[in-house]
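Data first, discussion second: the structure below is written as structure tokens.
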Amino acid sequence: MTKTHAYQQTLDELQTNYAHQDFEQGLSQTEAANRLATNGPNKLESHHTPKWQLFVRQFNNLIIYILIVAALLTLMMGHYSDAIIIGLVVIINAIIGYYQEANASDALERIKEMLATEATVYRDGQRIDIPTEDLVVGDVIFLEAGDSVPADLRIVDADNLRIQESALTGEADSVEKIATRLTEEEVALADQVNMAFASTSVTNGSGLGVVVATAADTEIGQISVAVTETKTRPTPLTREINGLGTGVSFVVIGAAVFLFLFGLLGEHYSLSVLAIAIVTMVVGSIPEGLPATMSVILAMGVSDMAKHKHAIVKSLPAVETLGSVDVIATDKTGTLTKNEMTVTEIITAETTYQVSGNGYAPEGQILLNDQPAELDTTLTQFLEASYEANDTTLYQADNGWTINGEPTDGAFLTLYHKVHGIDDSPTNTEIDMLPFDSDYRYIAKLVQLTDGTHRIYIKGSPDKLFPMAQQAMVDFPIDDWNADVTSLSEQGKRVVAVGYLDVPTTTATITHEQLQQGIQLLGVAGIIDPPRDEVIQALAEMNAAGVDVKMITGDHPLTAKAIGEKLGLAPTINAITGPEWDRLSDAEKPKAALEHQVFARTTPHNKLEIVEALQASRKVTAMTGDGVNDAPALKRADIGVAMGIKGTDVAKDSADMI
């Protein structure tokens with residue numbers, strides 16, 4: 001049984017508590033208290049290792065054991081200077097290791113900070129606010145725009161409810177939520193549209209959800225457990241040094257025992273002289289300076305990375321691991337791409353335009369045959385309509401241009417300002433607004449133009465706007481438009497249609513019935529989360545160096561594969577989805593990890609398994625990412641690399657390099 005169906009079964013069992021599915025009755029305070037006592041609070045538990053244990057742990061090394069014994073023997077024989085020198089070597093190495101480990105932040109604490117502190121819940125028919133820790137399975141939660149989801153919920157009522165889930169799935173756009181039961185046998189995390197997950201944010205609408213998982217049983221909780229339980233592997237250099245140290249130690253101990261017995265039985269020396277000679281040989285043979293020398297050399301590499309590559313390396317051996325990497329497993333959204341939706345193509349009835357510039361920065365222009373395009377009437381109206389049918393804002397923050405609202409809407413704001421400049425905006429007067437509704441899948445705004453006429457601008461899904469355009473034009477070429485939509489979709493682009501409707505000056509409100517009477521279609525736009533400019537060159541260098549690159553993402557496989565082809569991820573790109581990966585046996589996964597370049601619709605656990613499968617094939621594996629969903633894989637990889645500017649704190653804390 002898949003997890004989404006397990007949640008559905010939980011809901012079915014819980015519904016017996018609600019008469020006629022009257023979810024607003026909620027649990028009784030008595031029942032909630034009993035469940036809280038039985039199952040515990042809705043919070044993530046963390047285990048802190050005492051500082052003294054961290055320090056003692058640094059002495060768990062065969063070379064250190066030998067040096068400690070040597071120091072004790074020289075001390076007993078009165079050679080105090082030798083004992084002090086050996087002791088200083090041991091302590092300095094322990095301090096270096098302790099400093100590195102003690103300064104590694106606890107990723108679990110970062111995850112806990114993402115959780116909501118209060119939740120609006122129905123108890124005994126009353127809607128009240130309670131601490132998130134007091135939530136139990138079966139509680140009915142009220143959600144509205146601006147809320148942080150406090151636990152994993154099965155949605156039972158949704159009114160235009162949209163939730164931003166990029167922390168878990170990596171998808172830039174918020175997701176429409178529904179209350180309908182899902183019938184598919186296997187449903188990827190990003191496709192569980194009747195679920196809301198802890199730590200995600202409500203961006204639009206409202207709804208009700210029944211708690212089906214709390215604390216460590218939630219998706220975010222399982223990530224925290226995975227981060228805590230995932231064991232890091234020794235780096236290639238560390239394995240070599242440990243092997244060298246162990247080998248040298250055994251040889252030296254063996255030789256010392258043989259010489260001691262030979263000297264003692266042969267009566268060549270007195271016991272005291274023989275003992276000091278053996279200790280001197282042991283101390284002189286043990287490479288006690290090797291750890292310190294290695295640390296100095298690696299520290300020079302760390303300094304060079306910080307000065308010239310703008311990278312913070314948290315673990316000294318990670319510098320050497322960079323040069324040993326065979327495979328790079330990388331997240332897509334925010335790592336290979338900018339996580340900023342961008343209009344790249346505009347198709348009108350007469351012309352197809354390209355748009356330059358990536359991200360929300362209003363830099364670029366509309367092109368026709370690689371030359372700056374002239375603004376005709378249709379294109380001008382398209383830009384104005386897409387700007388007006390919008391409830392998102394674009395602004396410049398300290399780290400660049402960003403938005404407050406939906407990424408798709410932000411792409412159209414940026415498009416307008418690329419042409420007209422950031423200080424220019426339409427001078428129309430807003431009269432009424434019809435917000436985006438998941439049932440209708442379009443947004444519309446009624447404005448008064450500068451000449452006094454009234455017009456409705458509309459922007460939304462092509463399958464909703466095309467029938468409206470057919471009402472206004474008998475010979476509307478819908479087959480041609482559908483072909484354009486299909487072409488853009490096959491390139492992994494999201495397609496949005498734009499139109500308008502002139503209405504009488506007496507019109508003061510917008511209704512869906514007005515729009516169904518017919519609109520004038522202005523065109524469609526292809527939108528995509530664009531690749532970072534520097535990534536294409538970097539991937540080319542990786543391929544030339546013989547380093548394989550694997551894209552692991554929660555995105556749709558068609559979109560992911562199109563991005564991979566545009567980036568030049570590999571000469572041939574094979575894609576596999578998370579549900580398909582889950583059906584593979586443990587023996588099949590290492591081979592699949594090597595043969596596929598794109599892993600789509602993956603869960604955080606899938607990412608961890610893919611990294612482990614690559615390591616099982618004896619590949620030194622790097623993982624790059626920026627989201628909470630990347631944290632377990634970042635920690636497991638031979639070297640985890642987190643994005644430093646827009647990456648989450650959880651990813652940074654789990655990685656070796658930022």
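We name chains A, B, ... following the order of the structure tokens; residues begin at 1 in each chain, and ligands are numbered from 1 as shown.
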
* Looking only at strand (DSSP E or B) from DSSP on the backbone, list the matching residues of stretch 345-529 of chain A as a PyMOL selection string. => chain A and resi 345-347+352-355+366-368+371-372+393-397+400-404+429-434+442-448+454-460+494-503+520-528

* Asked: Running DSSP on the backbone, which parts of stretch 160-191 of chain A land in alpha helix (DSSP H), as a list in words?
  -> Ser166, Ala167, Leu168 and Thr169 of chain A

* For A:Ser28, work out the shell of residues within 10 Å, counting only C-alpha atoms and skipping chain neighbours fewer than 3 positions away, then give it as a count of residues only. => 12

* To do: Go through A:Ile312, A:Gly323, A:Asp424, A:Thr246 and flag the residue nearest A:Pro362, using only C-alpha atoms for the distances.
  =>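 With only C-alpha atoms as the atom set, the closest residue is A:Asp424.
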
* To do: For atom CA of A:His605 and atom CA of A:Thr169, determine how far apart the two atoms are, in Å to one decimal place.
  =>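 Between atom CA of A:His605 and atom CA of A:Thr169 the gap is 11.5 Å.
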
* Counting only C-alpha atoms, the residue of A:Leu54, A:Ala255, A:Thr511, A:Asp22 that sits nearest A:Asp157 ->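 Among the listed residues, the smallest separation from A:Asp157 belongs to A:Asp22.
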
* **Nearest to A:Val279 by atom-to-atom distance, counting only C-alpha atoms, from A:Lys464, A:Lys566, A:Arg181, A:His79** =>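 The answer is A:His79, which sits nearest to A:Val279.
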
* Quick one: residues within 8 Å of A:Ile458, only C-alpha atoms counted, chain neighbours fewer than 6 positions away excluded, as a PyMOL selection string? -> chain A and resi 385-386+389+442-445+498-500

* Contacts of A:Ile278 at 9 Å or less, counting only C-alpha atoms, minus same-chain residues fewer than 3 places along, as JSON, numbers by chain? -> {"A": [256, 257, 259, 260, 273, 274, 275, 281, 282, 283]}

Save out the residues we just selected, N, CA and C atoms, as a short mmCIF file (atom, residue, chain, number, x, y, z; two decimals), in the first residue's frame.
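So out-v5.cif came out as:
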```
data_model
loop_
_atom_site.label_atom_id
_atom_site.label_comp_id
_atom_site.auth_asym_id
_atom_site.auth_seq_id
_atom_site.Cartn_x
_atom_site.Cartn_y
_atom_site.Cartn_z
N ALA A 256 58.23 -4.30 17.49
CA ALA A 256 58.61 -3.97 18.86
C ALA A 256 58.54 -5.20 19.76
N VAL A 257 57.48 -5.99 19.60
CA VAL A 257 57.34 -7.19 20.42
C VAL A 257 58.48 -8.17 20.12
N LEU A 259 61.53 -7.53 18.84
CA LEU A 259 62.83 -7.03 19.32
C LEU A 259 62.92 -7.08 20.83
N PHE A 260 61.78 -6.80 21.49
CA PHE A 260 61.80 -6.84 22.96
C PHE A 260 62.08 -8.26 23.45
N VAL A 273 67.16 -0.39 29.83
CA VAL A 273 67.70 0.11 28.56
C VAL A 273 66.90 -0.46 27.40
N LEU A 274 66.54 -1.73 27.50
CA LEU A 274 65.76 -2.36 26.43
C LEU A 274 64.39 -1.68 26.29
N ALA A 275 63.77 -1.39 27.42
CA ALA A 275 62.44 -0.77 27.39
C ALA A 275 62.48 0.60 26.73
N MET A 281 61.91 3.43 19.62
CA MET A 281 61.65 2.93 18.27
C MET A 281 60.18 3.06 17.89
N VAL A 282 59.29 2.74 18.84
CA VAL A 282 57.85 2.82 18.56
C VAL A 282 57.45 4.26 18.28
N VAL A 283 57.88 5.17 19.16
CA VAL A 283 57.50 6.58 18.99
C VAL A 283 58.08 7.14 17.70
#
```

* To do: Rank A:Asn160, A:Asn194, A:Asn204, A:Ser199 by their smallest atom-to-atom distance to A:Lys43, using only C-alpha atoms, and report the top residue only.
  => A:Ser199
